[in-house]
Each structure stands twice: as C-alpha cells, then as structure tokens.
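Visitor: The following file, my_file-v8.cif, comprises mmCIF, C-alpha atoms and all ligand atoms:
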data_coords
#
loop_
_atom_site.label_atom_id
_atom_site.label_comp_id
_atom_site.auth_asym_id
_atom_site.auth_seq_id
_atom_site.Cartn_x
_atom_site.Cartn_y
_atom_site.Cartn_z
CA MET A 862 -13.27 64.57 -10.51
CA THR A 863 -9.72 65.64 -9.85
CA THR A 864 -9.20 69.36 -9.80
CA LYS A 865 -6.13 70.69 -11.49
CA LYS A 866 -4.51 73.37 -9.39
CA LEU A 867 -3.10 76.03 -11.68
CA LEU A 868 -2.15 78.58 -9.05
CA GLU A 869 -0.94 77.89 -5.52
CA MET A 870 0.23 80.64 -3.21
CA GLN A 871 1.68 79.72 0.17
CA GLN A 872 2.44 81.96 3.12
CA ILE A 873 2.79 85.06 0.99
CA ASN A 874 3.99 88.23 2.69
CA LYS A 875 4.57 91.51 0.96
CA SER A 876 5.80 94.75 2.40
CA PHE A 877 7.02 97.96 0.81
CA GLY A 878 9.60 100.39 2.18
CA ASN A 879 11.59 100.12 5.40
CA GLY A 880 11.75 101.42 8.91
CA LEU A 881 9.00 103.82 9.88
CA SER A 882 7.65 104.00 6.34
CA LYS A 883 7.30 100.23 6.01
CA VAL A 884 3.86 99.06 4.90
CA HIS A 885 3.00 95.41 5.31
CA VAL A 886 0.39 94.80 2.62
CA LEU A 887 -0.10 91.00 2.52
CA HIS A 888 0.13 88.79 5.61
CA ASN A 889 0.73 85.03 5.41
CA LEU A 890 -1.70 84.74 2.58
CA ASN A 891 -2.65 81.34 1.16
CA PHE A 892 -4.64 80.87 -2.01
CA THR A 893 -5.34 78.15 -4.55
CA ALA A 894 -7.13 78.36 -7.89
CA ALA A 895 -8.22 75.33 -9.87
CA ALA A 896 -9.05 74.83 -13.53
CA GLY A 897 -12.77 75.22 -14.13
CA GLN A 898 -13.36 77.79 -11.41
CA LEU A 899 -14.09 81.47 -11.33
CA ASN A 900 -12.50 82.93 -8.21
CA LEU A 901 -13.45 86.36 -7.01
CA ILE A 902 -11.38 88.31 -4.53
CA LEU A 903 -13.20 91.27 -3.10
CA GLY A 904 -11.71 94.16 -1.22
CA PRO A 905 -11.88 97.93 -0.98
CA SER A 906 -9.38 100.24 -2.61
CA GLY A 907 -5.94 99.95 -1.01
CA SER A 908 -6.59 96.50 0.44
CA GLY A 909 -3.82 94.86 -1.62
CA LYS A 910 -5.77 93.43 -4.57
CA SER A 911 -3.39 94.59 -7.30
CA THR A 912 -0.38 93.59 -5.20
CA PHE A 913 -1.89 90.14 -4.76
CA LEU A 914 -2.65 89.72 -8.47
CA THR A 915 0.72 90.91 -9.73
CA ILE A 916 2.46 88.55 -7.30
CA ALA A 917 0.16 85.71 -8.44
CA GLY A 918 1.23 86.31 -12.03
CA GLY A 919 4.92 86.79 -11.30
CA LEU A 920 5.01 90.48 -12.22
CA GLN A 921 6.46 91.21 -8.81
CA SER A 922 7.98 89.00 -6.13
CA PRO A 923 6.62 88.45 -2.64
CA SER A 924 8.81 89.44 0.34
CA SER A 925 8.44 85.82 1.43
CA GLY A 926 6.37 82.80 0.50
CA GLN A 927 5.96 80.63 -2.55
CA VAL A 928 4.01 81.01 -5.79
CA LYS A 929 3.43 77.96 -7.97
CA LEU A 930 2.01 78.65 -11.42
CA ALA A 931 0.96 75.78 -13.68
CA GLY A 932 3.00 73.44 -11.48
CA GLN A 933 6.16 75.54 -11.50
CA VAL A 934 7.65 77.38 -8.53
CA LEU A 935 8.40 80.90 -9.74
CA THR A 936 11.56 81.36 -7.67
CA GLU A 937 13.05 78.21 -9.19
CA LEU A 938 12.87 79.67 -12.71
CA SER A 939 15.23 82.00 -14.52
CA ALA A 940 13.89 85.39 -15.62
CA LYS A 941 13.61 84.03 -19.15
CA GLN A 942 11.68 80.96 -18.04
CA ARG A 943 9.34 83.15 -15.99
CA ASP A 944 8.67 85.36 -19.03
CA SER A 945 7.91 82.32 -21.11
CA LEU A 946 5.61 80.88 -18.44
CA ARG A 947 3.71 84.18 -18.26
CA LEU A 948 3.46 84.44 -22.02
CA ASN A 949 2.11 80.94 -22.46
CA GLN A 950 0.02 80.42 -19.35
CA ILE A 951 -1.43 83.76 -18.25
CA GLY A 952 -3.87 86.26 -19.63
CA PHE A 953 -3.49 89.51 -17.70
CA VAL A 954 -6.18 92.13 -17.64
CA LEU A 955 -4.36 94.94 -15.87
CA GLN A 956 -6.04 97.88 -14.19
CA SER A 957 -4.26 100.26 -16.55
CA TYR A 958 -5.40 98.32 -19.69
CA ASN A 959 -1.84 98.41 -21.11
CA LEU A 960 -2.91 98.97 -24.71
CA LEU A 961 -0.33 100.55 -26.98
CA PRO A 962 -1.51 104.05 -27.93
CA TYR A 963 -0.01 104.02 -31.44
CA LEU A 964 -1.63 100.76 -32.49
CA LYS A 965 -5.14 100.29 -33.83
CA VAL A 966 -7.26 97.73 -32.00
CA SER A 967 -6.64 95.13 -34.73
CA ASP A 968 -2.89 95.67 -34.40
CA GLN A 969 -3.01 95.11 -30.64
CA PHE A 970 -3.83 91.49 -31.56
CA ALA A 971 -1.33 91.35 -34.41
CA LEU A 972 1.33 92.33 -31.88
CA VAL A 973 0.43 89.32 -29.74
CA ASP A 974 0.92 87.15 -32.85
CA ARG A 975 4.42 88.51 -33.23
CA ILE A 976 5.37 87.84 -29.63
CA LYS A 977 3.54 84.50 -29.42
CA PRO A 978 3.05 83.13 -32.92
CA ALA A 979 1.18 79.92 -32.08
CA ASN A 980 -1.85 78.69 -30.19
CA ASN A 981 -3.74 81.97 -30.19
CA LEU A 982 -7.44 82.19 -31.01
CA SER A 983 -8.33 81.54 -34.65
CA PRO A 984 -9.63 84.50 -36.69
CA THR A 985 -13.16 83.12 -36.33
CA GLU A 986 -12.80 82.71 -32.57
CA LEU A 987 -11.39 86.23 -32.24
CA ALA A 988 -14.24 87.64 -34.32
CA SER A 989 -16.80 85.96 -32.11
CA LEU A 990 -15.03 87.17 -28.95
CA LEU A 991 -15.02 90.76 -30.24
CA ASP A 992 -18.67 90.38 -31.10
CA GLU A 993 -19.52 89.04 -27.67
CA LEU A 994 -17.75 92.01 -26.08
CA GLY A 995 -19.45 94.47 -28.44
CA ILE A 996 -16.20 95.82 -29.87
CA ALA A 997 -16.17 94.29 -33.36
CA GLU A 998 -16.77 97.67 -35.03
CA LEU A 999 -13.85 99.27 -33.23
CA ILE A 1000 -10.97 97.36 -34.79
CA ASP A 1001 -9.77 100.27 -36.92
CA LYS A 1002 -9.72 102.73 -34.04
CA TYR A 1003 -6.90 103.81 -31.77
CA PRO A 1004 -7.20 103.56 -27.97
CA ALA A 1005 -7.49 107.37 -27.66
CA GLU A 1006 -10.63 107.25 -29.82
CA LEU A 1007 -12.36 104.81 -27.48
CA SER A 1008 -14.28 105.32 -24.25
CA GLY A 1009 -12.95 103.87 -20.98
CA GLY A 1010 -15.42 100.99 -21.18
CA GLN A 1011 -14.46 100.23 -24.78
CA ASN A 1012 -10.75 100.24 -23.92
CA GLN A 1013 -11.48 97.97 -21.00
CA ARG A 1014 -13.23 95.47 -23.27
CA VAL A 1015 -10.39 95.61 -25.81
CA ALA A 1016 -7.96 94.91 -22.95
CA ILE A 1017 -10.06 91.91 -21.93
CA ALA A 1018 -10.10 90.58 -25.52
CA ARG A 1019 -6.35 91.10 -25.84
CA ALA A 1020 -5.75 89.13 -22.61
CA LEU A 1021 -7.95 86.27 -23.83
CA TYR A 1022 -6.57 86.18 -27.37
CA PRO A 1023 -3.51 83.98 -26.51
CA ASN A 1024 -6.01 81.44 -25.12
CA PRO A 1025 -4.25 81.13 -21.74
CA PRO A 1026 -5.21 78.50 -19.15
CA ILE A 1027 -4.96 81.05 -16.33
CA ILE A 1028 -6.72 84.41 -16.45
CA LEU A 1029 -5.83 87.13 -13.94
CA ALA A 1030 -8.02 90.20 -14.08
CA ASP A 1031 -7.68 93.40 -12.06
CA GLU A 1032 -10.95 95.34 -11.75
CA PRO A 1033 -11.99 94.25 -15.26
CA THR A 1034 -15.46 95.79 -14.97
CA ALA A 1035 -14.65 99.09 -13.27
CA ALA A 1036 -15.51 101.15 -16.38
CA LEU A 1037 -18.53 99.11 -17.51
CA ASP A 1038 -22.27 99.69 -17.20
CA SER A 1039 -24.47 97.01 -15.64
CA GLN A 1040 -25.43 95.35 -18.92
CA ARG A 1041 -21.77 95.01 -19.94
CA VAL A 1042 -20.90 93.70 -16.49
CA GLU A 1043 -23.40 90.89 -17.02
CA GLN A 1044 -21.85 90.02 -20.40
CA VAL A 1045 -18.30 90.14 -19.12
CA GLY A 1046 -19.19 88.19 -15.96
CA GLN A 1047 -20.86 85.53 -18.11
CA LEU A 1048 -17.87 85.42 -20.47
CA PHE A 1049 -15.44 84.82 -17.59
CA ALA A 1050 -17.77 82.19 -16.09
CA ASP A 1051 -18.01 80.40 -19.48
CA LEU A 1052 -14.22 80.41 -19.85
CA ALA A 1053 -13.97 78.70 -16.47
CA HIS A 1054 -16.84 76.27 -16.89
CA THR A 1055 -16.70 75.31 -20.56
CA GLU A 1056 -13.02 75.76 -21.28
CA GLN A 1057 -11.68 74.68 -17.89
CA LYS A 1058 -9.65 77.80 -17.32
CA ALA A 1059 -8.70 79.10 -13.90
CA VAL A 1060 -10.12 82.61 -13.68
CA ILE A 1061 -9.08 84.92 -10.85
CA ILE A 1062 -10.66 88.34 -10.62
CA VAL A 1063 -9.80 90.95 -7.99
CA THR A 1064 -12.39 93.68 -7.69
CA HIS A 1065 -14.67 95.72 -5.51
CA ASP A 1066 -17.50 95.20 -8.01
CA LEU A 1067 -20.17 93.22 -6.17
CA ARG A 1068 -22.10 92.82 -9.43
CA LEU A 1069 -19.68 89.98 -10.29
CA LYS A 1070 -20.51 87.92 -7.20
CA ARG A 1071 -23.22 85.86 -8.85
CA PHE A 1072 -20.78 84.47 -11.43
CA ALA A 1073 -18.25 83.22 -8.88
CA ASP A 1074 -17.55 79.67 -7.73
CA GLN A 1075 -15.30 80.81 -4.92
CA ILE A 1076 -15.25 84.18 -3.22
CA ASN A 1077 -12.60 85.49 -0.85
CA GLU A 1078 -12.30 88.84 0.78
CA ILE A 1079 -9.03 90.67 1.31
CA LYS A 1080 -9.09 92.31 4.72
CA ASP A 1081 -6.06 93.76 6.47
CA GLY A 1082 -3.86 91.88 4.03
CA GLN A 1083 -5.41 88.51 4.76
CA LEU A 1084 -7.74 86.38 2.67
CA LEU A 1085 -11.00 85.38 4.27
CA PRO A 1086 -13.42 82.92 2.68
CA THR A 1087 -16.88 84.29 2.02
CA VAL A 1088 -20.09 82.29 1.95
CA ILE A 1089 -21.67 82.32 -1.49
CA ASN A 1090 -25.40 82.82 -1.72
CA HIS A 1091 -26.44 83.41 -5.29
P1 LIG B 1101 -5.74 97.75 -4.29
O1 LIG B 1101 -5.42 97.19 -5.63
O2 LIG B 1101 -6.63 96.87 -3.47
O3 LIG B 1101 -6.30 99.13 -4.38
P2 LIG B 1101 -2.86 97.85 -3.95
O4 LIG B 1101 -2.38 96.44 -4.00
O5 LIG B 1101 -2.69 98.67 -5.15
O6 LIG B 1101 -4.38 97.86 -3.46
O7 LIG B 1101 -2.13 98.59 -2.75
C1 LIG B 1101 -2.19 98.08 -1.41
C2 LIG B 1101 -1.31 98.95 -0.53
O8 LIG B 1101 0.05 98.79 -0.89
C3 LIG B 1101 -1.61 100.44 -0.60
O9 LIG B 1101 -1.46 100.98 0.68
C4 LIG B 1101 -0.53 100.93 -1.55
O10 LIG B 1101 -0.23 102.27 -1.28
C5 LIG B 1101 0.64 100.03 -1.19
N1 LIG B 1101 1.54 99.83 -2.36
C6 LIG B 1101 1.25 99.16 -3.49
N2 LIG B 1101 2.31 99.15 -4.34
C7 LIG B 1101 3.28 99.85 -3.72
C8 LIG B 1101 4.64 100.20 -4.05
N3 LIG B 1101 5.19 99.80 -5.22
N4 LIG B 1101 5.34 100.93 -3.16
C9 LIG B 1101 4.80 101.31 -1.99
N5 LIG B 1101 3.55 101.00 -1.59
C10 LIG B 1101 2.81 100.29 -2.44
MG MG B 1102 -5.76 97.88 -7.53
#
Show me this structure written as structure tokens.

Guide:
Amino acid sequence: MTTKKLLEMQQINKSFGNGLSKVHVLHNLNFTAAAGQLNLILGPSGSGKSTFLTIAGGLQSPSSGQVKLAGQVLTELSAKQRDSLRLNQIGFVLQSYNLLPYLKVSDQFALVDRIKPANNLSPTELASLLDELGIAELIDKYPAELSGGQNQRVAIARALYPNPPIILADEPTAALDSQRVEQVGQLFADLAHTEQKAVIIVTHDLRLKRFADQINEIKDGQLLPTVINH
C-alpha cells in the first residue's frame, strides 16, 4: 500500500525574540504524517507543542525549514492561497476552542457553511457526529452556557464539520473526563482508519496513547520517536 503523505516538515527551527531574550523552541525538527494514521505528539507544558502545531498548519511561519501541506510548500504560496489551503484541507482544534461567543452552537456550523459552502458534512452526518460527541442537545446554547468539556467537544465537531483530510488538534481532551476521552480518542482513530485522514494530536494526555499509530515525544525542541506498546 502506498501511503499518502499529507504533512511533511523538514528541518524546522523556531525561535522567539532576540539577543539575550531569544528562546529557541524547535530545533531541526522533522516530521511526516500520512493519510490513515493517528499521530500523537507528547510533551509537557512549554515543550513547544502548540508552536509545532500552528507551524504545521501554517498559522505561523518557522524561522527556517520547510512545511509541505497536501503536497504544497507553504512558502511558495501567496497569503490567499495559504488561507484557501487551510480552509479546504485542515481541521484545527485549537487549545482556546475559538468558538464565537455570540453564536449558538448550531450557528457555529452555519458560519462554516458561509465561509466554505461546499463539501461539508451532510445534516445527517453532522447530527450523528454531535450525537457521538454527546452534544446534540446543546445546539441552541451559547458557548458561555456550556462547561469546558462541552465547549471542547463543540470545538472538535466544528473542526470536523468541513470534512478536512488533515486534522490538527491541540490538547483536544484536556477538559474531558476519562469516558469522554475514550470516545474522542476512538472518534479520531476512526477518522484516520476508516476515512483515511491524517490526524495529528499534540497533548500531554497519556490516555490517548492507546489510539495512536505513531507516537513522538517533544523534548528540548526535538522530536523523538517513542515505542508503542498498547
Ligand atoms: P506547549 O504548547 O507545549 O505548552 P508552546 O509551543 O506554547 O508550548 O510554547 C513553547 C515555548 O515557546 C514556551 O517557552 C513559550 O513561552 C514560548 N513561546 C510560544 N509562543 C511564543 C511567542 N509568540 N513569543 C514568545 N515566546 C513564545
Ligand atoms: Mg500548548
């Protein structure tokens, strides 16, 4: 079977600041994610996970190195082309959820329809996703009326709604209890295995390990492979 590489990162460096206050967060980092795989990147707080994920998805640029998303080198695209690539290829679950406070849950999805009118989940598929995540009854509520875990699951559903081939998730289970972690882990694994998506999750949640096909650890800004023993 040929594996389709959807994300390739080569020799990525990232530093912030200059002079004495310069912090070098990522060091010559290489990473590849293929369709059909759930990739887990584990690391403690401050190890560079969010930096890594936002660079992977083109939300910020590396100081040096190359990111190839769905076959396209990000630096070779215009800002408009990068936006379009992100919109059509990536589902982002950000650490901050990024839900709009003045929109009901149902309207968070309607907004996606306005920005990206085609190729989103069908109403039936969305209903079954909301059901699977246990948030079907919340569609008339506003984010402020929801618990952290409920908002987190809405954010996951919103990221999956455009049906993207690449899913990038930042600590997607941080606010969830163990039973929900199992459901969400299984959902991400199914998206990889049955729908051939490339799923990349950065987290310190070891409860997700058993769902992963590939596990790396971020340590001192470098990625180390980890042996999987389920
Ligand atoms: P994690 O997600 O693993 O907690 P981050 O990627 O958020 O780690 O941060 C890694 C390091 O980079 C931290 O030391 C953080 O303070 C630093 N950092 C992240 N973003 C910025 C920024 N925009 N400016 C300065 N330092 C930053
Ligand atoms: Mg983070």

Visitor: Nearest residue to ligand LIG 1101 (chain B) out of A:Ser925, A:Ser989, A:Thr1064, A:Asn980, using only C-alpha atoms and all ligand atoms?

Guide: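 Among the listed residues, A:Thr1064 lies closest to ligand LIG 1101 (chain B).
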
Visitor: For atom CA of Gly907 of chain A and atom CA of Ile1017 of chain A, determine how far apart the two atoms are, in Å to one decimal place.

Guide: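 Computed distance, atom CA of Gly907 of chain A to atom CA of Ile1017 of chain A, equals 22.8 Å.
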
Visitor: Taking only C-alpha atoms into account, name the residue in A:Ala1005, A:Leu948, A:Ile1061, A:Leu1048 that is nearest to Ile1076 of chain A.

Guide: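 Smallest separation from Ile1076 of chain A among the options: A:Ile1061.
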
Visitor: Produce as a PDB file with C-alpha atoms, keeping the file's coordinate frame the set of residues near ligand MG 1102 (chain B), where near means within 10 Å with all atoms listed in the file considered.

Guide:
ATOM      1  CA  GLY A 904     -11.710  94.160  -1.220  1.00  0.00           C
ATOM      2  CA  PRO A 905     -11.880  97.930  -0.980  1.00  0.00           C
ATOM      3  CA  SER A 906      -9.380 100.240  -2.610  1.00  0.00           C
ATOM      4  CA  GLY A 907      -5.940  99.950  -1.010  1.00  0.00           C
ATOM      5  CA  SER A 908      -6.590  96.500   0.440  1.00  0.00           C
ATOM      6  CA  GLY A 909      -3.820  94.860  -1.620  1.00  0.00           C
ATOM      7  CA  LYS A 910      -5.770  93.430  -4.570  1.00  0.00           C
ATOM      8  CA  SER A 911      -3.390  94.590  -7.300  1.00  0.00           C
ATOM      9  CA  THR A 912      -0.380  93.590  -5.200  1.00  0.00           C
ATOM     10  CA  PHE A 913      -1.890  90.140  -4.760  1.00  0.00           C
ATOM     11  CA  LEU A 914      -2.650  89.720  -8.470  1.00  0.00           C
ATOM     12  CA  THR A 915       0.720  90.910  -9.730  1.00  0.00           C
ATOM     13  CA  LEU A 955      -4.360  94.940 -15.870  1.00  0.00           C
ATOM     14  CA  GLN A 956      -6.040  97.880 -14.190  1.00  0.00           C
ATOM     15  CA  SER A 957      -4.260 100.260 -16.550  1.00  0.00           C
ATOM     16  CA  ASP A1031      -7.680  93.400 -12.060  1.00  0.00           C
ATOM     17  CA  GLU A1032     -10.950  95.340 -11.750  1.00  0.00           C
ATOM     18  CA  VAL A1063      -9.800  90.950  -7.990  1.00  0.00           C
ATOM     19  CA  THR A1064     -12.390  93.680  -7.690  1.00  0.00           C
ATOM     20  CA  HIS A1065     -14.670  95.720  -5.510  1.00  0.00           C
TER      21      HIS A1065
END

Visitor: With only C-alpha atoms as the basis for distance, which of A:Pro1004, A:Gly880, A:Pro1025, A:Gly995 is at the shortest distance from Asp968 of chain A?

Guide: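 Selected residue with least distance to Asp968 of chain A: A:Pro1004.
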
Visitor: What is the distance between atom CA of Leu1084 of chain A and atom CA of Ile902 of chain A, in Å to one decimal?

Guide: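 Separating atom CA of Leu1084 of chain A from atom CA of Ile902 of chain A is a distance of 8.3 Å.
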
Visitor: Kindly indicate which residue among A:Gly897, A:Pro978, A:Pro923, A:Gly1009 lies nearest to Leu1052 of chain A, using all atoms listed in the file for the distances.

Guide: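 Closest to Leu1052 of chain A of all the choices is A:Gly897.
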
Visitor: Could you tell me how far atom N3 of ligand LIG 1101 (chain B) sits from atom CA of Ser922 of chain A, in Å to one decimal place?

Guide: 11.2 Å

Visitor: Just checking: using only C-alpha atoms and all ligand atoms, which residue out of A:Asp1001, A:Ala895, A:Glu1006, A:Ile916 ends up closest to ligand LIG 1101 (chain B)?

Guide: A:Ile916

Visitor: Output, as JSON, the centre and edge lengths in Å (one decimal) of the axis-aligned box that contains all listed atoms of ligand LIG 1101 (chain B) with 3 Å of margin on each side.

Guide:
{"center_x": -0.6, "center_y": 99.4, "center_z": -2.5, "size_x": 18.0, "size_y": 11.8, "size_z": 12.3}

Visitor: List every protein, DNA or RNA residue with an atom no more than 10 Å from (-22.5, 98.6, -22.0) in the file's coordinates, counting all atoms listed in the file, and format the result as a compact mmCIF listing (two decimals) with C-alpha atoms, in the frame of the given file.

Guide:
# COMPACT_ATOMS: atom_id res chain seq x y z
CA LEU A 994 -17.75 92.01 -26.08
CA GLY A 995 -19.45 94.47 -28.44
CA GLY A 1010 -15.42 100.99 -21.18
CA GLN A 1011 -14.46 100.23 -24.78
CA ARG A 1014 -13.23 95.47 -23.27
CA ALA A 1036 -15.51 101.15 -16.38
CA LEU A 1037 -18.53 99.11 -17.51
CA ASP A 1038 -22.27 99.69 -17.20
CA SER A 1039 -24.47 97.01 -15.64
CA GLN A 1040 -25.43 95.35 -18.92
CA ARG A 1041 -21.77 95.01 -19.94
CA VAL A 1042 -20.90 93.70 -16.49
CA GLU A 1043 -23.40 90.89 -17.02
CA GLN A 1044 -21.85 90.02 -20.40
CA VAL A 1045 -18.30 90.14 -19.12

Visitor: Please list as a ChimeraX atom specification every residue within 10 Å of His888 of chain A, counting all atoms listed in the file and excluding residues in the same chain fewer than 6 positions away.

Guide: /A:872-876,925,1080-1084

Visitor: Compare A:Asp1066, A:Glu993, A:Asp1074, A:Glu869 by their minimum atom-to-atom distance to ligand LIG 1101 (chain B), counting only C-alpha atoms and all ligand atoms, and give me the closest one.

Guide: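 When distances to ligand LIG 1101 (chain B) are compared using only C-alpha atoms and all ligand atoms, the smallest one comes from A:Asp1066.
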
Visitor: Write out as a PyMOL selection string which residues come within 12 Å of Ile976 of chain A when counting all atoms listed in the file, dropping same-chain ones fewer than 6 positions away.

Guide: chain A and resi 944-945+948-949+969-970+1023

Visitor: Would you put the residues from that selection into a file with C-alpha atoms, as a PDB file, in the coordinates of the input?

Guide:
ATOM      1  CA  ASP A 944       8.670  85.360 -19.030  1.00  0.00           C
ATOM      2  CA  SER A 945       7.910  82.320 -21.110  1.00  0.00           C
ATOM      3  CA  LEU A 948       3.460  84.440 -22.020  1.00  0.00           C
ATOM      4  CA  ASN A 949       2.110  80.940 -22.460  1.00  0.00           C
ATOM      5  CA  GLN A 969      -3.010  95.110 -30.640  1.00  0.00           C
ATOM      6  CA  PHE A 970      -3.830  91.490 -31.560  1.00  0.00           C
ATOM      7  CA  PRO A1023      -3.510  83.980 -26.510  1.00  0.00           C
TER       8      PRO A1023
END
